[in-house]
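What follows is a set of notes on a single structure, which appears directly below.
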Amino acid sequence: MHELFHASRRRFLAVASEFDLSPPQVRALGVLDPDRPVPMSELADALHCDNSNVTGIVDRLEDRGLVERRSAAHDRRVKMLAVTPRGAEVRERLAERLERPPEPLARLSPEDQRALRDIMRRALEQS
């Protein structure tokens with residue numbers, strides 16, 4: 001499990017690098033829903049970080065044209081994050097790359113992959 005985790009982590013970092021994004025930026029794009037703007041505080045909660053850390057992540061995503069800040073209709077002090085069309089495209093391409101199984105798992109037969117998936121689901125349900 002440890003080796004698989006590290007292989008997956010290296011792969012994640014390589015994909016993030018291909019898109020010239022940091023890991024937190026990739027995670028933020030993955031969390032944000034292109035069809036539903038959210039307050040910055042909701043993104044901070046989803047990323048398990050402080051609101052001040054989200055500001056830097058969002059600044060860099062906004063500089064790249066992937067997200068934009070908007071004032072909330074109910075309170076102009078609240079900044080909502082909206083994924084831009086370009087951000088939605090990058091988000092989709094990232095998801096396609098990251099959803100591919102890591103090489104060690106891809107080499108398993110389809111039956112073994114399903115068995116492993118089912119075992120992992122049961123293990124996670126117990127935690």
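Scheme for the structure tokens: letters A, B, ... for chains in order shown; per-chain residue numbers from 1; ligand numbers from 1 in order shown.
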
*Can you list, as a list in words, every residue of range 54-95 of chain A that DSSP puts in strand (DSSP E or B)?*
Val67, Glu68, Arg69, Arg70, Ser71, Lys79, Met80, Leu81, Ala82 and Val83 of chain A

Kindly export the residues of the current selection with N, CA, C and O atoms, as a PDB file, in the first residue's frame.
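Okay, this is what ended up in out-v8.pdb:
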ATOM      1  N   VAL A  67     -10.578  30.541 -12.738  1.00  0.00           N
ATOM      2  CA  VAL A  67     -11.697  30.885 -11.854  1.00  0.00           C
ATOM      3  C   VAL A  67     -11.805  32.399 -11.801  1.00  0.00           C
ATOM      4  O   VAL A  67     -10.872  33.120 -12.169  1.00  0.00           O
ATOM      5  N   GLU A  68     -12.954  32.850 -11.320  1.00  0.00           N
ATOM      6  CA  GLU A  68     -13.119  34.285 -11.094  1.00  0.00           C
ATOM      7  C   GLU A  68     -13.890  34.502  -9.805  1.00  0.00           C
ATOM      8  O   GLU A  68     -14.705  33.680  -9.408  1.00  0.00           O
ATOM      9  N   ARG A  69     -13.567  35.601  -9.164  1.00  0.00           N
ATOM     10  CA  ARG A  69     -14.271  35.986  -7.943  1.00  0.00           C
ATOM     11  C   ARG A  69     -15.449  36.865  -8.348  1.00  0.00           C
ATOM     12  O   ARG A  69     -15.332  37.719  -9.213  1.00  0.00           O
ATOM     13  N   ARG A  70     -16.557  36.647  -7.653  1.00  0.00           N
ATOM     14  CA  ARG A  70     -17.756  37.467  -7.865  1.00  0.00           C
ATOM     15  C   ARG A  70     -18.316  37.821  -6.493  1.00  0.00           C
ATOM     16  O   ARG A  70     -18.205  37.037  -5.554  1.00  0.00           O
ATOM     17  N   SER A  71     -18.944  38.963  -6.404  1.00  0.00           N
ATOM     18  CA  SER A  71     -19.613  39.314  -5.155  1.00  0.00           C
ATOM     19  C   SER A  71     -20.886  38.496  -5.034  1.00  0.00           C
ATOM     20  O   SER A  71     -21.595  38.287  -6.022  1.00  0.00           O
ATOM     21  N   LYS A  79     -17.130  36.773  -1.175  1.00  0.00           N
ATOM     22  CA  LYS A  79     -16.631  36.511  -2.523  1.00  0.00           C
ATOM     23  C   LYS A  79     -16.956  35.084  -2.924  1.00  0.00           C
ATOM     24  O   LYS A  79     -16.629  34.124  -2.220  1.00  0.00           O
ATOM     25  N   MET A  80     -17.633  34.975  -4.050  1.00  0.00           N
ATOM     26  CA  MET A  80     -17.997  33.677  -4.606  1.00  0.00           C
ATOM     27  C   MET A  80     -16.957  33.301  -5.662  1.00  0.00           C
ATOM     28  O   MET A  80     -16.425  34.172  -6.360  1.00  0.00           O
ATOM     29  N   LEU A  81     -16.688  32.014  -5.770  1.00  0.00           N
ATOM     30  CA  LEU A  81     -15.742  31.523  -6.767  1.00  0.00           C
ATOM     31  C   LEU A  81     -16.515  30.811  -7.863  1.00  0.00           C
ATOM     32  O   LEU A  81     -17.319  29.921  -7.589  1.00  0.00           O
ATOM     33  N   ALA A  82     -16.257  31.225  -9.079  1.00  0.00           N
ATOM     34  CA  ALA A  82     -16.906  30.609 -10.231  1.00  0.00           C
ATOM     35  C   ALA A  82     -15.828  30.089 -11.175  1.00  0.00           C
ATOM     36  O   ALA A  82     -14.839  30.775 -11.445  1.00  0.00           O
ATOM     37  N   VAL A  83     -16.028  28.877 -11.652  1.00  0.00           N
ATOM     38  CA  VAL A  83     -15.105  28.285 -12.624  1.00  0.00           C
ATOM     39  C   VAL A  83     -15.425  28.894 -13.983  1.00  0.00           C
ATOM     40  O   VAL A  83     -16.586  28.931 -14.406  1.00  0.00           O
TER      41      VAL A  83
END

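Near Arg93 in chain A, within 12 Å and counting only C-alpha atoms, sit A:Val15, A:Ala16, A:Glu18, A:Phe19, A:Val26, A:Leu29, A:Gly30, A:Arg86, A:Gly87, A:Ala88, A:Leu98, A:Glu99, A:Arg100, not including residues fewer than 5 positions from it in the same chain.
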
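Of the listed residues (A:Ala28, A:Ala115, A:Arg36, A:Ala123), A:Ala28 comes nearest to Arg60 in chain A; the distances count only C-alpha atoms.
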
*asked:* Between CA of Arg64 in chain A and CA of Ser17 in chain A, what distance in Å does the model show, to one decimal?
replied: 14.4 Å

_Which residue of A:Pro102, A:Pro34, A:Pro23, A:Pro39 approaches Val78 in chain A most closely, using only C-alpha atoms_ = A:Pro39

*asked:* Residues of chain A classed as alpha helix (DSSP H) by DSSP on the backbone are to be reported as a ChimeraX atom specification.
replied: /A:2-18,23-31,40-47,51-63,85-99,103-106,110-125

_Shell around Cys49 in chain A at 12 Å using only C-alpha atoms, local window under 5 positions removed, as number ranges by chain_ = A: 24, 27-28, 40-44, 54-57
